[in-house]
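Participant: Just my_file-v4.tsv, nothing more (TSV, C-alpha atoms):
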```tsv
chain	number	residue	atom	x	y	z
L	1	MET	CA	103.65	79.68	76.76
L	2	HIS	CA	103.33	76.97	79.33
L	3	GLY	CA	104.92	75.01	82.09
L	4	SER	CA	106.06	71.40	82.02
L	5	ARG	CA	102.61	69.83	81.46
L	6	ARG	CA	101.55	69.96	77.80
L	7	VAL	CA	97.95	70.63	76.77
L	8	PRO	CA	96.70	68.33	73.95
L	9	ALA	CA	94.71	71.15	72.33
L	10	PHE	CA	97.96	73.01	71.68
L	11	SER	CA	99.78	70.15	69.95
L	12	GLU	CA	99.69	72.01	66.62
L	13	VAL	CA	100.50	75.42	68.08
L	14	PRO	CA	104.07	76.71	68.56
L	15	THR	CA	104.82	76.60	72.27
L	16	VAL	CA	107.59	77.89	74.52
L	17	ALA	CA	108.27	76.62	78.03
L	18	LEU	CA	109.06	79.50	80.38
L	19	PRO	CA	109.95	79.71	84.07
L	20	ALA	CA	107.28	80.55	86.62
L	21	ARG	CA	106.36	84.24	86.66
L	22	PRO	CA	108.57	85.02	83.65
L	23	GLY	CA	110.24	88.41	83.67
L	24	ARG	CA	111.92	90.77	81.24
L	25	ASP	CA	114.85	88.51	80.33
L	26	ALA	CA	112.58	85.59	79.46
L	27	LEU	CA	109.69	87.36	77.74
L	28	ASP	CA	110.95	90.51	76.05
L	29	PRO	CA	113.23	88.74	73.53
L	30	LEU	CA	110.36	86.42	72.54
L	31	LEU	CA	107.96	89.31	72.04
L	32	ALA	CA	110.53	91.20	69.98
L	33	GLU	CA	111.36	88.17	67.82
L	34	HIS	CA	107.92	86.74	67.13
L	35	HIS	CA	105.58	89.78	67.29
L	36	PRO	CA	102.64	87.57	68.31
L	37	GLY	CA	99.08	88.58	67.63
L	38	ARG	CA	97.84	86.27	70.40
L	39	LEU	CA	99.53	84.66	73.37
L	40	VAL	CA	98.12	81.63	75.15
L	41	VAL	CA	99.31	81.42	78.74
L	42	HIS	CA	99.01	78.06	80.47
L	43	GLY	CA	100.00	78.42	84.12
L	44	THR	CA	99.04	80.16	87.32
L	45	ASP	CA	97.37	83.51	87.90
L	46	ALA	CA	100.80	84.86	88.86
L	47	ASP	CA	102.22	83.66	85.53
L	48	LEU	CA	99.46	85.47	83.66
L	49	ALA	CA	100.07	88.66	85.66
L	50	ALA	CA	103.78	88.47	84.79
L	51	VAL	CA	102.99	88.21	81.07
L	52	VAL	CA	100.48	91.07	81.13
L	53	LEU	CA	102.99	93.22	83.02
L	54	ARG	CA	105.60	92.71	80.29
L	55	LEU	CA	103.03	93.59	77.62
L	56	LEU	CA	102.32	96.78	79.56
L	57	ARG	CA	106.00	97.64	79.98
L	58	THR	CA	106.79	96.98	76.30
L	59	GLU	CA	103.69	98.86	75.10
L	60	ARG	CA	102.18	95.72	73.54
L	61	LEU	CA	98.74	95.75	75.15
L	62	ASP	CA	97.31	95.27	71.66
L	63	VAL	CA	98.43	91.62	71.83
L	64	GLU	CA	95.50	89.29	72.54
L	65	VAL	CA	95.95	87.12	75.64
L	66	ALA	CA	94.24	83.79	76.24
L	67	TYR	CA	94.53	82.07	79.61
L	68	VAL	CA	94.33	78.38	80.38
L	69	PRO	CA	94.58	78.04	84.19
L	70	ALA	CA	96.70	75.23	85.56
L	71	SER	CA	94.43	75.15	88.63
L	72	ARG	CA	90.65	74.99	88.96
L	73	ARG	CA	90.99	77.38	91.90
L	74	SER	CA	92.02	80.23	89.62
L	75	ALA	CA	90.64	83.58	90.75
L	76	VAL	CA	91.19	84.89	87.22
L	77	ALA	CA	88.88	82.23	85.79
L	78	ARG	CA	86.13	83.21	88.24
L	79	ALA	CA	86.64	86.96	87.86
L	80	TRP	CA	86.41	86.82	84.06
L	81	GLY	CA	84.01	83.89	83.64
L	82	LEU	CA	86.43	81.56	81.88
L	83	PRO	CA	85.02	78.07	81.25
L	84	ARG	CA	86.55	74.80	82.40
L	85	ASP	CA	87.42	74.05	78.78
L	86	ALA	CA	89.54	77.18	78.50
L	87	ALA	CA	91.91	75.53	76.00
L	88	ALA	CA	89.26	75.43	73.26
L	89	LEU	CA	88.27	79.03	73.96
L	90	ALA	CA	91.92	80.12	73.86
L	91	LEU	CA	92.24	79.12	70.21
L	92	THR	CA	88.86	80.19	68.85
L	93	GLY	CA	87.50	82.91	71.16
L	94	VAL	CA	87.50	86.65	70.64
L	95	ALA	CA	89.53	89.07	72.75
L	96	PRO	CA	87.62	92.26	73.56
L	97	PRO	CA	89.29	95.11	75.46
L	98	VAL	CA	88.92	94.69	79.24
L	99	PRO	CA	89.98	96.88	82.17
L	100	LEU	CA	93.64	96.63	83.16
L	101	VAL	CA	94.13	97.02	86.90
L	102	ARG	CA	97.48	98.31	88.14
L	103	ASP	CA	98.88	98.96	91.60
L	104	ASP	CA	101.08	101.64	93.08
L	105	THR	CA	104.08	99.32	93.42
L	106	GLY	CA	104.45	98.83	89.67
L	107	GLY	CA	102.47	95.61	89.26
L	108	VAL	CA	99.19	94.53	87.71
L	109	LEU	CA	96.21	92.64	89.10
L	110	VAL	CA	94.53	90.19	86.75
L	111	GLY	CA	92.53	88.19	89.30
L	112	ALA	CA	92.30	88.93	93.01
L	113	ALA	CA	94.29	90.37	95.90
L	114	GLN	CA	93.76	89.67	99.60
L	115	ILE	CA	94.67	91.35	102.85
L	116	ARG	CA	93.99	89.41	106.04
L	117	ASP	CA	93.40	90.86	109.50
L	118	LEU	CA	93.39	94.43	108.30
L	119	THR	CA	92.98	97.33	110.72
L	120	GLY	CA	92.54	100.59	108.85
L	121	GLU	CA	90.47	102.22	106.14
L	122	CYS	CA	89.49	101.34	102.61
L	123	TYR	CA	87.92	103.57	99.96
L	124	CYS	CA	86.69	102.68	96.50
L	125	ASP	CA	86.66	105.98	94.64
L	126	ASP	CA	84.75	108.18	97.13
L	127	VAL	CA	82.90	105.29	98.81
L	128	LEU	CA	84.03	104.31	102.33
L	129	VAL	CA	84.14	100.50	102.33
L	130	LEU	CA	85.86	99.95	105.68
L	131	ARG	CA	86.88	101.84	108.77
L	132	GLY	CA	88.12	99.61	111.56
L	133	ARG	CA	89.06	95.95	111.44
L	134	THR	CA	88.15	93.15	109.05
L	135	PRO	CA	89.39	89.54	108.95
L	136	ARG	CA	89.75	89.78	105.19
L	137	LEU	CA	89.66	92.35	102.42
L	138	VAL	CA	89.47	91.16	98.82
L	139	VAL	CA	90.11	93.32	95.76
L	140	ALA	CA	89.27	91.86	92.35
L	141	ALA	CA	89.75	92.89	88.75
L	142	GLY	CA	86.82	92.34	86.42
L	143	PRO	CA	84.71	93.66	83.55
L	144	GLY	CA	83.37	96.54	85.66
L	145	GLY	CA	86.75	97.79	86.87
L	146	VAL	CA	88.00	97.22	90.43
L	147	ALA	CA	85.74	95.60	93.02
L	148	VAL	CA	86.38	95.33	96.76
L	149	ARG	CA	84.68	93.61	99.64
L	150	ALA	CA	85.47	93.44	103.34
L	151	GLY	CA	84.35	90.76	105.79
L	152	ARG	CA	84.41	87.04	106.37
L	153	GLY	CA	84.07	84.51	103.59
L	154	THR	CA	85.17	86.87	100.81
L	155	GLY	CA	88.25	84.98	99.72
L	156	LEU	CA	88.13	84.25	96.00
L	157	PRO	CA	90.39	81.18	96.25
L	158	SER	CA	87.72	79.45	98.35
L	159	GLY	CA	85.20	79.91	95.55
L	160	THR	CA	83.42	83.18	96.37
L	161	THR	CA	83.51	86.03	93.87
L	162	ILE	CA	82.75	89.71	94.26
L	163	ALA	CA	79.51	89.96	92.31
L	164	ILE	CA	78.71	93.66	91.99
L	165	PRO	CA	76.99	94.71	88.74
L	166	PRO	CA	78.69	97.64	86.97
L	167	GLY	CA	75.65	99.84	87.58
L	168	ALA	CA	75.69	99.26	91.36
L	169	ARG	CA	78.49	101.31	92.89
L	170	SER	CA	78.36	100.08	96.45
L	171	GLY	CA	76.77	97.88	99.06
L	172	ARG	CA	77.44	97.01	102.69
L	173	GLY	CA	81.22	96.69	102.94
L	174	ALA	CA	81.59	96.39	99.16
L	175	ALA	CA	82.03	98.68	96.16
L	176	LEU	CA	82.94	98.83	92.51
L	177	GLY	CA	84.82	101.66	90.84
L	178	ARG	CA	88.00	102.86	89.20
L	179	ALA	CA	90.33	102.77	92.22
L	180	VAL	CA	90.65	101.11	95.63
L	181	GLN	CA	92.81	102.67	98.34
L	182	VAL	CA	93.78	100.86	101.54
L	183	GLY	CA	95.68	102.23	104.52
L	184	GLY	CA	96.26	101.14	108.08
L	185	GLU	CA	98.48	99.17	110.39
L	186	PRO	CA	101.21	97.21	108.56
L	187	PHE	CA	99.67	94.45	106.46
L	188	THR	CA	100.65	91.88	103.85
L	189	ALA	CA	99.01	92.13	100.45
L	190	VAL	CA	98.80	88.95	98.37
L	191	SER	CA	98.13	89.72	94.70
L	192	ASP	CA	97.34	86.94	92.24
L	193	GLY	CA	98.76	84.47	94.76
L	194	VAL	CA	102.04	86.32	95.36
L	195	ALA	CA	102.73	88.05	98.68
L	196	HIS	CA	104.38	91.46	98.64
L	197	PRO	CA	107.92	91.04	100.03
L	198	ARG	CA	107.46	93.50	102.89
L	199	PRO	CA	104.63	94.83	105.09
L	200	LEU	CA	102.74	97.80	103.71
L	201	GLU	CA	100.86	100.65	105.36
L	202	ARG	CA	99.00	101.67	102.21
L	203	ARG	CA	98.17	100.18	98.84
L	204	THR	CA	96.24	101.38	95.82
L	205	TRP	CA	94.77	99.46	92.90
L	206	TYR	CA	93.42	101.46	89.98
L	207	ARG	CA	92.16	101.09	86.44
L	208	HIS	CA	94.79	101.92	83.84
L	209	THR	CA	94.07	104.39	81.06
L	210	VAL	CA	94.58	101.66	78.44
L	211	ASP	CA	92.75	98.30	78.39
L	212	TRP	CA	94.26	94.91	77.64
L	213	ARG	CA	92.74	92.24	75.40
L	214	LEU	CA	91.58	89.05	77.08
L	215	VAL	CA	90.02	86.07	75.29
L	216	ARG	CA	86.79	85.42	77.16
L	217	PRO	CA	83.28	84.10	76.50
```
Represent the structure of the file as structure tokens.
Facilitator:
Amino acid sequence: MHGSRRVPAFSEVPTVALPARPGRDALDPLLAEHHPGRLVVHGTDADLAAVVLRLLRTERLDVEVAYVPASRRSAVARAWGLPRDAAALALTGVAPPVPLVRDDTGGVLVGAAQIRDLTGECYCDDVLVLRGRTPRLVVAAGPGGVAVRAGRGTGLPSGTTIAIPPGARSGRGAALGRAVQVGGEPFTAVSDGVAHPRPLERRTWYRHTVDWRLVRP
């Protein structure tokens, strides 16, 4: 599944061009007709999130998903350690189960979410990450679950990741766990590059009870 630019490595693989952030009408008929064992998504982080959401909604999380980012600034690539030559990995790599991060508005998070100029509180499980104001709060999906960090210079799109080993639950203004809860003055949450359509006063990201399968090194 890809956009308008073809990838040479996929010349011998059946491909389908889909609109950006494909939804139920575009994806569900394809999944029902072809019953794929593996999907290769070439596009943006938001496109990948849309595909994973449909797999969740159609109870097809057993389908392996490979991701070839259209941009080198992909937060998904950094969060999951995908190489620059992701096309080769997509066809030959293995797809172990990895944590699926959901949110309380019905979406999924496959890379990173940001909230700028937040005034409020943030907890990761029972760890207080923030009380007060921060110029930026970043929440990221990853092998250890859900990571969060508050402060300056934490924006994944600029090249900084949240590097918290699974065994280390928290640090100064940062934590790793199963759920992140944010509340405060109205804020805009941008998840996988897509802004929520209206201001929020609270938001929760949490690890789903079922993993998804991502092709990764």
Participant: Excluding Asp47 (chain L) and residues on its chain fewer than 5 positions from it, collect all residues at most 7 Å away from it, counting all atoms listed in the file, and give them as a ChimeraX atom specification.
Facilitator: /L:20-22
Participant: For the selection you just gave me, I'd like the residues written to a file as a PDB file, keeping the file's coordinate frame, keeping C-alpha atoms.
Facilitator:
```pdb
ATOM      1  CA  ALA L  20     107.280  80.550  86.620  1.00  0.00           C
ATOM      2  CA  ARG L  21     106.360  84.240  86.660  1.00  0.00           C
ATOM      3  CA  PRO L  22     108.570  85.020  83.650  1.00  0.00           C
TER       4      PRO L  22
END
```
Participant: From the list L:Gly43, L:Pro36, L:Gly120, L:Pro96, which residue is nearest Leu55 (chain L) when using only C-alpha atoms?
Facilitator: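 With only C-alpha atoms as the atom set, the closest residue is L:Pro36.
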Participant: Which residues are near Asp28 (chain L)? Cut-off 10 Å, only C-alpha atoms, ignore same chain within fewer than 2 positions. Put them as a list of chain:residue names.
Facilitator: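 Contacts, in chain order: L:Pro22, L:Gly23, L:Arg24, L:Asp25, L:Ala26, L:Leu30, L:Leu31, L:Ala32, L:Glu33, L:Val51, L:Arg54, L:Leu55, L:Arg57, L:Thr58.
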Participant: L:Val98, L:Val139, L:Val127, L:Leu109: which is nearest Thr209 (chain L), counting all atoms listed in the file?
Facilitator: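 Looking at the shortest contact to Thr209 (chain L), the residue is L:Val98.
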Participant: Hey, can I get the axis-aligned box for region 23-39 of chain L? All listed atoms, 6 Å padding on each side, centre and edge lengths in Å to one decimal, as JSON.
Facilitator:
```
{"center_x": 106.3, "center_y": 87.9, "center_z": 75.4, "size_x": 29.0, "size_y": 18.5, "size_z": 28.5}
```
Participant: Ala141 (chain L): which residues within 9 Å, counting only C-alpha atoms, same-chain residues fewer than 6 positions away excluded, as a PDB file with C-alpha atoms, in the frame of the given file?
Facilitator:
```
ATOM      1  CA  VAL L  76      91.190  84.890  87.220  1.00  0.00           C
ATOM      2  CA  ALA L  79      86.640  86.960  87.860  1.00  0.00           C
ATOM      3  CA  TRP L  80      86.410  86.820  84.060  1.00  0.00           C
ATOM      4  CA  PRO L  99      89.980  96.880  82.170  1.00  0.00           C
ATOM      5  CA  LEU L 100      93.640  96.630  83.160  1.00  0.00           C
ATOM      6  CA  VAL L 101      94.130  97.020  86.900  1.00  0.00           C
ATOM      7  CA  LEU L 109      96.210  92.640  89.100  1.00  0.00           C
ATOM      8  CA  VAL L 110      94.530  90.190  86.750  1.00  0.00           C
ATOM      9  CA  GLY L 111      92.530  88.190  89.300  1.00  0.00           C
ATOM     10  CA  ALA L 112      92.300  88.930  93.010  1.00  0.00           C
ATOM     11  CA  ALA L 113      94.290  90.370  95.900  1.00  0.00           C
ATOM     12  CA  ALA L 147      85.740  95.600  93.020  1.00  0.00           C
ATOM     13  CA  ARG L 207      92.160 101.090  86.440  1.00  0.00           C
TER      14      ARG L 207
END
```
Participant: Can you tell me how far CA of Ala77 (chain L) sits from CA of Arg216 (chain L), in Å to one decimal?
Facilitator: 9.4 Å
Participant: What gap, in Å, lies between CA of Asp62 (chain L) and CA of Val148 (chain L)?
Facilitator: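 Spanning CA of Asp62 (chain L) to CA of Val148 (chain L) is a straight-line distance of 27.4 Å.
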Participant: Just want the 7 Å neighbourhood of Arg202 (chain L), counted on all atoms listed in the file, with same-chain residues fewer than 4 positions away dropped. Output as a list in words.
Facilitator: Val182, Gly183 and Gly184 of chain L
Participant: Using C-alpha atoms, can you export the residues from the last selection as an mmCIF file, in the coordinates of the input?
Facilitator:
```cif
data_model
loop_
_atom_site.group_PDB
_atom_site.id
_atom_site.type_symbol
_atom_site.label_atom_id
_atom_site.label_comp_id
_atom_site.auth_asym_id
_atom_site.auth_seq_id
_atom_site.Cartn_x
_atom_site.Cartn_y
_atom_site.Cartn_z
ATOM 1 C CA VAL L 182 93.780 100.860 101.540
ATOM 2 C CA GLY L 183 95.680 102.230 104.520
ATOM 3 C CA GLY L 184 96.260 101.140 108.080
#
```
Participant: Write out as a list of chain:residue names each polymer residue whose atoms come within 8 Å of Pro217 (chain L), counting all atoms listed in the file; drop sequence neighbours fewer than 2 positions from it.
Facilitator: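 Residues meeting the cut-off are L:Gly81, L:Leu82, L:Pro83, L:Leu89, L:Gly93, L:Val94, L:Val215.
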Participant: I'd like the interatomic distance between CA of Ala195 (chain L) and CA of Val68 (chain L), to a tenth of an Å.
Facilitator: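 Between CA of Ala195 (chain L) and CA of Val68 (chain L) the gap is 22.3 Å.
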Participant: Using only C-alpha atoms and a cutoff of 10 Å, can you tell me which residues are near (97.0, 81.1, 75.8) in the file's coordinates, and write them out as a PDB file with C-alpha atoms, in the frame of the given file?
Facilitator:
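result20.pdb, freshly written:
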```pdb
ATOM      1  CA  MET L   1     103.650  79.680  76.760  1.00  0.00           C
ATOM      2  CA  HIS L   2     103.330  76.970  79.330  1.00  0.00           C
ATOM      3  CA  PHE L  10      97.960  73.010  71.680  1.00  0.00           C
ATOM      4  CA  THR L  15     104.820  76.600  72.270  1.00  0.00           C
ATOM      5  CA  ARG L  38      97.840  86.270  70.400  1.00  0.00           C
ATOM      6  CA  LEU L  39      99.530  84.660  73.370  1.00  0.00           C
ATOM      7  CA  VAL L  40      98.120  81.630  75.150  1.00  0.00           C
ATOM      8  CA  VAL L  41      99.310  81.420  78.740  1.00  0.00           C
ATOM      9  CA  HIS L  42      99.010  78.060  80.470  1.00  0.00           C
ATOM     10  CA  GLY L  43     100.000  78.420  84.120  1.00  0.00           C
ATOM     11  CA  LEU L  48      99.460  85.470  83.660  1.00  0.00           C
ATOM     12  CA  GLU L  64      95.500  89.290  72.540  1.00  0.00           C
ATOM     13  CA  VAL L  65      95.950  87.120  75.640  1.00  0.00           C
ATOM     14  CA  ALA L  66      94.240  83.790  76.240  1.00  0.00           C
ATOM     15  CA  TYR L  67      94.530  82.070  79.610  1.00  0.00           C
ATOM     16  CA  VAL L  68      94.330  78.380  80.380  1.00  0.00           C
ATOM     17  CA  PRO L  69      94.580  78.040  84.190  1.00  0.00           C
ATOM     18  CA  ALA L  86      89.540  77.180  78.500  1.00  0.00           C
ATOM     19  CA  ALA L  87      91.910  75.530  76.000  1.00  0.00           C
ATOM     20  CA  ALA L  88      89.260  75.430  73.260  1.00  0.00           C
ATOM     21  CA  LEU L  89      88.270  79.030  73.960  1.00  0.00           C
ATOM     22  CA  ALA L  90      91.920  80.120  73.860  1.00  0.00           C
ATOM     23  CA  LEU L  91      92.240  79.120  70.210  1.00  0.00           C
ATOM     24  CA  LEU L 214      91.580  89.050  77.080  1.00  0.00           C
ATOM     25  CA  VAL L 215      90.020  86.070  75.290  1.00  0.00           C
TER      26      VAL L 215
END
```
Participant: Taking (93.8, 70.4, 89.2) in the file's coordinates, which residues come within 12 Å, counting only C-alpha atoms, written as a ChimeraX atom specification?
Facilitator: /L:5,43-44,68-74,84
Participant: Would you please work out which residue, of L:Val190, L:Pro199, L:Leu128, L:Arg152, is nearest to Ala174 (chain L) when using only C-alpha atoms?
Facilitator: L:Leu128
